[in-house]
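Q: Handing over structure-v5.pdb, PDB, C-alpha atoms, pLDDT in the B column.
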```pdb
MODEL        1
ATOM      1  CA  MET A   1     -54.440 -27.241 -18.183  1.00 53.00           C
ATOM      2  CA  ASN A   2     -55.100 -30.824 -17.221  1.00 61.00           C
ATOM      3  CA  ALA A   3     -53.391 -33.676 -18.942  1.00 67.00           C
ATOM      4  CA  THR A   4     -55.645 -36.114 -20.730  1.00 64.00           C
ATOM      5  CA  THR A   5     -55.292 -39.834 -20.463  1.00 66.00           C
ATOM      6  CA  VAL A   6     -55.478 -41.495 -23.849  1.00 81.00           C
ATOM      7  CA  ARG A   7     -54.257 -44.818 -25.082  1.00 87.00           C
ATOM      8  CA  LEU A   8     -50.766 -44.391 -26.428  1.00 91.00           C
ATOM      9  CA  TYR A   9     -48.956 -47.267 -28.082  1.00 91.00           C
ATOM     10  CA  THR A  10     -45.334 -48.130 -28.713  1.00 92.00           C
ATOM     11  CA  LEU A  11     -45.435 -50.345 -31.765  1.00 94.00           C
ATOM     12  CA  ASN A  12     -42.336 -52.230 -32.888  1.00 94.00           C
ATOM     13  CA  TYR A  13     -41.004 -53.142 -36.312  1.00 96.00           C
ATOM     14  CA  ASP A  14     -41.954 -56.795 -35.829  1.00 96.00           C
ATOM     15  CA  GLU A  15     -45.671 -55.918 -35.601  1.00 96.00           C
ATOM     16  CA  ALA A  16     -47.920 -55.716 -38.650  1.00 96.00           C
ATOM     17  CA  LYS A  17     -49.794 -52.791 -37.032  1.00 96.00           C
ATOM     18  CA  THR A  18     -46.636 -50.681 -37.298  1.00 97.00           C
ATOM     19  CA  TYR A  19     -46.620 -50.995 -41.076  1.00 97.00           C
ATOM     20  CA  MET A  20     -50.394 -50.684 -41.365  1.00 97.00           C
ATOM     21  CA  TRP A  21     -50.438 -47.405 -39.417  1.00 96.00           C
ATOM     22  CA  ALA A  22     -47.343 -46.094 -41.182  1.00 97.00           C
ATOM     23  CA  ALA A  23     -49.034 -46.810 -44.526  1.00 98.00           C
ATOM     24  CA  ILE A  24     -52.172 -45.002 -43.351  1.00 97.00           C
ATOM     25  CA  PHE A  25     -50.103 -41.971 -42.336  1.00 97.00           C
ATOM     26  CA  VAL A  26     -48.215 -41.995 -45.635  1.00 97.00           C
ATOM     27  CA  ALA A  27     -51.568 -42.108 -47.467  1.00 97.00           C
ATOM     28  CA  CYS A  28     -52.806 -39.189 -45.350  1.00 96.00           C
ATOM     29  CA  ASN A  29     -49.616 -37.371 -46.273  1.00 95.00           C
ATOM     30  CA  LEU A  30     -50.462 -37.866 -49.933  1.00 95.00           C
ATOM     31  CA  VAL A  31     -53.979 -36.440 -49.632  1.00 95.00           C
ATOM     32  CA  LEU A  32     -53.647 -33.716 -46.993  1.00 93.00           C
ATOM     33  CA  PRO A  33     -50.956 -31.672 -48.778  1.00 90.00           C
ATOM     34  CA  GLN A  34     -53.084 -31.641 -51.930  1.00 90.00           C
ATOM     35  CA  VAL A  35     -55.884 -30.010 -49.926  1.00 93.00           C
ATOM     36  CA  PHE A  36     -53.583 -27.452 -48.311  1.00 91.00           C
ATOM     37  CA  HIS A  37     -51.899 -26.642 -51.636  1.00 87.00           C
ATOM     38  CA  LEU A  38     -55.259 -25.261 -52.808  1.00 92.00           C
ATOM     39  CA  ILE A  39     -54.408 -22.312 -50.515  1.00 93.00           C
ATOM     40  CA  PRO A  40     -51.601 -20.086 -51.849  1.00 91.00           C
ATOM     41  CA  GLN A  41     -48.420 -21.147 -49.998  1.00 88.00           C
ATOM     42  CA  GLY A  42     -50.620 -23.574 -48.021  1.00 87.00           C
ATOM     43  CA  GLY A  43     -47.909 -26.206 -47.747  1.00 85.00           C
ATOM     44  CA  ILE A  44     -45.426 -23.727 -46.282  1.00 85.00           C
ATOM     45  CA  ILE A  45     -47.979 -22.095 -43.997  1.00 91.00           C
ATOM     46  CA  PHE A  46     -49.611 -25.232 -42.589  1.00 91.00           C
ATOM     47  CA  SER A  47     -46.950 -27.982 -42.890  1.00 90.00           C
ATOM     48  CA  PRO A  48     -49.544 -30.761 -43.254  1.00 92.00           C
ATOM     49  CA  LEU A  49     -46.906 -33.524 -43.316  1.00 93.00           C
ATOM     50  CA  SER A  50     -45.757 -32.455 -39.849  1.00 96.00           C
ATOM     51  CA  LEU A  51     -49.266 -32.681 -38.397  1.00 96.00           C
ATOM     52  CA  VAL A  52     -49.676 -36.259 -39.591  1.00 96.00           C
ATOM     53  CA  ILE A  53     -46.222 -37.326 -38.377  1.00 98.00           C
ATOM     54  CA  LEU A  54     -46.769 -35.695 -34.968  1.00 98.00           C
ATOM     55  CA  VAL A  55     -50.087 -37.493 -34.515  1.00 96.00           C
ATOM     56  CA  GLY A  56     -48.747 -40.811 -35.771  1.00 96.00           C
ATOM     57  CA  ALA A  57     -45.621 -40.810 -33.642  1.00 97.00           C
ATOM     58  CA  TYR A  58     -47.375 -39.557 -30.524  1.00 97.00           C
ATOM     59  CA  LYS A  59     -50.181 -42.086 -30.734  1.00 95.00           C
ATOM     60  CA  PHE A  60     -48.348 -45.146 -32.094  1.00 96.00           C
ATOM     61  CA  GLY A  61     -44.732 -44.599 -31.089  1.00 96.00           C
ATOM     62  CA  TRP A  62     -41.555 -43.260 -32.564  1.00 98.00           C
ATOM     63  CA  LYS A  63     -40.918 -46.316 -34.753  1.00 98.00           C
ATOM     64  CA  THR A  64     -44.236 -45.965 -36.578  1.00 97.00           C
ATOM     65  CA  GLY A  65     -43.724 -42.215 -36.808  1.00 98.00           C
ATOM     66  CA  LEU A  66     -40.166 -42.547 -38.094  1.00 98.00           C
ATOM     67  CA  LEU A  67     -41.215 -45.026 -40.752  1.00 98.00           C
ATOM     68  CA  ALA A  68     -43.957 -42.649 -41.936  1.00 98.00           C
ATOM     69  CA  ALA A  69     -41.549 -39.674 -41.692  1.00 98.00           C
ATOM     70  CA  ILE A  70     -39.024 -41.324 -43.990  1.00 98.00           C
ATOM     71  CA  LEU A  71     -41.541 -42.707 -46.474  1.00 98.00           C
ATOM     72  CA  SER A  72     -43.923 -39.719 -46.733  1.00 97.00           C
ATOM     73  CA  PRO A  73     -41.606 -37.274 -48.557  1.00 96.00           C
ATOM     74  CA  LEU A  74     -40.242 -40.069 -50.740  1.00 96.00           C
ATOM     75  CA  VAL A  75     -43.656 -41.399 -51.794  1.00 97.00           C
ATOM     76  CA  ASN A  76     -44.969 -37.860 -52.276  1.00 94.00           C
ATOM     77  CA  HIS A  77     -41.990 -36.964 -54.442  1.00 95.00           C
ATOM     78  CA  VAL A  78     -42.310 -40.081 -56.600  1.00 96.00           C
ATOM     79  CA  LEU A  79     -46.077 -39.679 -57.093  1.00 95.00           C
ATOM     80  CA  THR A  80     -46.497 -35.878 -57.178  1.00 92.00           C
ATOM     81  CA  GLY A  81     -43.052 -34.379 -57.715  1.00 91.00           C
ATOM     82  CA  MET A  82     -43.292 -32.605 -54.346  1.00 88.00           C
ATOM     83  CA  PRO A  83     -41.335 -31.911 -52.277  1.00 90.00           C
ATOM     84  CA  ALA A  84     -38.629 -30.764 -54.624  1.00 91.00           C
ATOM     85  CA  THR A  85     -35.480 -32.883 -54.718  1.00 93.00           C
ATOM     86  CA  GLU A  86     -33.340 -30.125 -53.204  1.00 93.00           C
ATOM     87  CA  VAL A  87     -35.405 -29.997 -49.985  1.00 91.00           C
ATOM     88  CA  MET A  88     -35.997 -33.732 -49.537  1.00 94.00           C
ATOM     89  CA  GLY A  89     -33.050 -34.264 -47.190  1.00 94.00           C
ATOM     90  CA  VAL A  90     -33.897 -31.387 -44.872  1.00 94.00           C
ATOM     91  CA  MET A  91     -37.605 -32.217 -44.901  1.00 94.00           C
ATOM     92  CA  THR A  92     -36.954 -35.870 -44.104  1.00 97.00           C
ATOM     93  CA  MET A  93     -34.603 -34.854 -41.280  1.00 97.00           C
ATOM     94  CA  LYS A  94     -37.221 -32.483 -39.835  1.00 95.00           C
ATOM     95  CA  LEU A  95     -39.985 -35.081 -40.014  1.00 97.00           C
ATOM     96  CA  GLY A  96     -37.673 -37.697 -38.506  1.00 98.00           C
ATOM     97  CA  VAL A  97     -36.812 -35.405 -35.593  1.00 98.00           C
ATOM     98  CA  LEU A  98     -40.510 -34.719 -35.048  1.00 98.00           C
ATOM     99  CA  ALA A  99     -41.296 -38.445 -35.055  1.00 98.00           C
ATOM    100  CA  LEU A 100     -38.538 -39.236 -32.576  1.00 98.00           C
ATOM    101  CA  VAL A 101     -39.285 -36.379 -30.172  1.00 98.00           C
ATOM    102  CA  ALA A 102     -43.063 -36.855 -30.278  1.00 98.00           C
ATOM    103  CA  GLY A 103     -42.894 -40.623 -29.901  1.00 97.00           C
ATOM    104  CA  LEU A 104     -40.348 -40.512 -27.086  1.00 97.00           C
ATOM    105  CA  ALA A 105     -42.261 -37.753 -25.251  1.00 97.00           C
ATOM    106  CA  ALA A 106     -45.470 -39.787 -25.407  1.00 96.00           C
ATOM    107  CA  GLN A 107     -43.629 -42.909 -24.239  1.00 95.00           C
ATOM    108  CA  TYR A 108     -41.991 -41.048 -21.349  1.00 96.00           C
ATOM    109  CA  PHE A 109     -44.902 -38.880 -20.141  1.00 95.00           C
ATOM    110  CA  LYS A 110     -47.686 -41.372 -21.034  1.00 94.00           C
ATOM    111  CA  THR A 111     -50.200 -38.547 -21.255  1.00 93.00           C
ATOM    112  CA  LEU A 112     -51.452 -35.859 -23.594  1.00 94.00           C
ATOM    113  CA  SER A 113     -51.699 -32.129 -22.942  1.00 95.00           C
ATOM    114  CA  LEU A 114     -51.464 -28.914 -24.917  1.00 96.00           C
ATOM    115  CA  PRO A 115     -48.389 -27.706 -22.972  1.00 97.00           C
ATOM    116  CA  LEU A 116     -46.674 -31.033 -23.639  1.00 97.00           C
ATOM    117  CA  LEU A 117     -47.366 -30.808 -27.370  1.00 97.00           C
ATOM    118  CA  LEU A 118     -46.163 -27.199 -27.336  1.00 97.00           C
ATOM    119  CA  GLY A 119     -42.937 -28.406 -25.731  1.00 98.00           C
ATOM    120  CA  VAL A 120     -42.577 -31.189 -28.291  1.00 98.00           C
ATOM    121  CA  VAL A 121     -42.975 -28.752 -31.191  1.00 97.00           C
ATOM    122  CA  LEU A 122     -40.548 -26.194 -29.715  1.00 96.00           C
ATOM    123  CA  VAL A 123     -37.898 -28.814 -28.904  1.00 97.00           C
ATOM    124  CA  CYS A 124     -38.260 -30.164 -32.441  1.00 96.00           C
ATOM    125  CA  LYS A 125     -37.809 -26.713 -33.954  1.00 93.00           C
ATOM    126  CA  ALA A 126     -34.606 -26.178 -31.962  1.00 94.00           C
ATOM    127  CA  ILE A 127     -33.154 -29.549 -33.037  1.00 96.00           C
ATOM    128  CA  GLU A 128     -34.334 -29.028 -36.616  1.00 93.00           C
ATOM    129  CA  ALA A 129     -32.642 -25.611 -36.765  1.00 92.00           C
ATOM    130  CA  LEU A 130     -29.350 -27.190 -35.724  1.00 94.00           C
ATOM    131  CA  GLY A 131     -29.836 -30.037 -38.210  1.00 94.00           C
ATOM    132  CA  GLU A 132     -30.656 -27.636 -41.024  1.00 92.00           C
ATOM    133  CA  LEU A 133     -27.624 -25.525 -40.186  1.00 92.00           C
ATOM    134  CA  ILE A 134     -25.418 -28.622 -40.394  1.00 93.00           C
ATOM    135  CA  LEU A 135     -27.013 -29.914 -43.618  1.00 92.00           C
ATOM    136  CA  THR A 136     -27.330 -26.646 -45.537  1.00 90.00           C
ATOM    137  CA  GLY A 137     -25.258 -24.027 -43.774  1.00 90.00           C
ATOM    138  CA  GLY A 138     -28.402 -21.953 -43.040  1.00 86.00           C
ATOM    139  CA  ILE A 139     -31.647 -22.089 -41.140  1.00 83.00           C
ATOM    140  CA  SER A 140     -33.913 -20.133 -43.467  1.00 83.00           C
ATOM    141  CA  ALA A 141     -36.607 -22.847 -43.671  1.00 78.00           C
ATOM    142  CA  THR A 142     -36.707 -23.153 -39.884  1.00 80.00           C
ATOM    143  CA  ILE A 143     -37.067 -19.377 -39.552  1.00 87.00           C
ATOM    144  CA  ALA A 144     -39.869 -19.549 -42.128  1.00 83.00           C
ATOM    145  CA  ASP A 145     -41.574 -22.165 -39.923  1.00 82.00           C
ATOM    146  CA  PHE A 146     -42.067 -19.388 -37.368  1.00 85.00           C
ATOM    147  CA  THR A 147     -42.547 -16.312 -39.584  1.00 91.00           C
ATOM    148  CA  ILE A 148     -44.728 -17.795 -42.329  1.00 92.00           C
ATOM    149  CA  GLY A 149     -45.640 -21.149 -40.821  1.00 90.00           C
ATOM    150  CA  TRP A 150     -46.908 -20.162 -37.379  1.00 94.00           C
ATOM    151  CA  PRO A 151     -50.467 -21.260 -38.318  1.00 94.00           C
ATOM    152  CA  GLY A 152     -49.034 -24.709 -39.059  1.00 93.00           C
ATOM    153  CA  LEU A 153     -47.310 -24.808 -35.676  1.00 95.00           C
ATOM    154  CA  LEU A 154     -50.615 -23.958 -34.007  1.00 96.00           C
ATOM    155  CA  LEU A 155     -52.317 -26.604 -36.128  1.00 95.00           C
ATOM    156  CA  GLN A 156     -49.773 -29.189 -34.985  1.00 96.00           C
ATOM    157  CA  ILE A 157     -50.324 -28.337 -31.326  1.00 97.00           C
ATOM    158  CA  VAL A 158     -54.092 -27.801 -31.190  1.00 97.00           C
ATOM    159  CA  GLY A 159     -55.046 -29.999 -34.143  1.00 96.00           C
ATOM    160  CA  GLY A 160     -52.711 -32.764 -33.011  1.00 96.00           C
ATOM    161  CA  TYR A 161     -54.210 -32.642 -29.525  1.00 96.00           C
ATOM    162  CA  LEU A 162     -57.774 -32.844 -30.831  1.00 95.00           C
ATOM    163  CA  ILE A 163     -57.015 -35.631 -33.314  1.00 94.00           C
ATOM    164  CA  ILE A 164     -55.231 -37.766 -30.742  1.00 93.00           C
ATOM    165  CA  LYS A 165     -57.795 -37.082 -28.018  1.00 91.00           C
ATOM    166  CA  TYR A 166     -61.004 -37.461 -30.007  1.00 88.00           C
ATOM    167  CA  LEU A 167     -60.379 -39.198 -33.321  1.00 79.00           C
ATOM    168  CA  LEU A 168     -57.735 -41.719 -32.314  1.00 74.00           C
ATOM    169  CA  ASN A 169     -58.890 -42.353 -28.762  1.00 77.00           C
ATOM    170  CA  LYS A 170     -59.064 -46.129 -28.981  1.00 67.00           C
TER     171      LYS A 170
ENDMDL
END
```
Show how you would write the structure in this file as structure tokens.
A:
Amino acid sequence: MNATTVRLYTLNYDEAKTYMWAAIFVACNLVLPQVFHLIPQGGIIFSPLSLVILVGAYKFGWKTGLLAAILSPLVNHVLTGMPATEVMGVMTMKLGVLALVAGLAAQYFKTLSLPLLLGVVLVCKAIEALGELILTGGISATIADFTIGWPGLLLQIVGGYLIIKYLLNK
């Protein structure tokens, strides 16, 4: 599969665009989960927060992605009560890992391809499993990402590719 050239940015914390895009991704992470929660277990199956963080970090850099990854669960929890308090730490860690890996991969490879996004997602899952093991003593949520949440992983890879390539190709 050929790699696609798209404009990828590495925004810094001293740029207003960083905060603008992070705010947009946090807003998306308020709306998108509400849509997916209309499906029974939709949040667990599709992991909509992860899709938004992957796209944001890949397109605009790890700093924008990390900011959105930290703020999204917090803002969601304050406004909607979800995610539950007991999973906030692990969820924030997972989203932070995704933002860092996706943003750094985009910065290093400077291209977009389905195999590259597949690699990003798989590397993230391995790091997240280790992080979850350290934080909780188990990796049940990471295992669920594969057993229950495989449609969400596919959505991150294919959906993320299409969003970055076609919707955010500026």
Q: Of the candidates A:Thr136, A:Gly43, A:Tyr9, A:Leu67, which one gets nearest to Ile148 of chain A if we count only C-alpha atoms?
A: A:Gly43
Q: Once the PyMOL selection byres ((chain A and resi 30) around 10) has been applied to the shown file, what residues remain in the selection, as number ranges by chain?
A: A: 24-29, 31-35, 48-49, 72-73, 75-77, 79-80, 82
Q: Do you know which residues are at most 9 Å from Ser47 of chain A counting all atoms listed in the file, after dropping those on the same chain fewer than 6 positions away, and could you put them as an NGL selection string?
A: :A and (33 or 36 or 145 or 149 or 151-153 or 155-156)
Q: Would you write out, as a ChimeraX atom specification, every residue that the PyMOL selection byres ((chain A and resi 64) around 8) captures in this file?
A: /A:11-13,18-19,21-22,56-57,60-63,65-68
Q: Select, from A:Leu104, A:Ala144, A:Leu133, A:Val158, the residue with the minimum atom-to-atom distance to Leu117 of chain A, counting all atoms listed in the file.
A: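 Going through A:Leu104, A:Ala144, A:Leu133, A:Val158 one by one, the smallest distance to Leu117 of chain A is for A:Val158.
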Q: Could you tell me which residues the PyMOL selection byres ((chain A and resi 132) around 12) returns for this structure, as number ranges by chain?
A: A: 87-95, 97, 124-131, 133-143
Q: Write out as AutoDock Vina command-line options an axis-aligned box for segment 158-161 of chain A: all of its atoms listed in the file, 3 Å added on each side, centre and edge lengths in Å with one decimal.
A:
```
--center_x -53.9 --center_y -30.3 --center_z -31.8 --size_x 8.3 --size_y 11.0 --size_z 10.6
```
Q: What lies within 8 Å of Tyr58 of chain A using all atoms listed in the file, ignoring chain neighbours under 5 positions off, as a ChimeraX atom specification?
A: /A:8,65,99,102-106
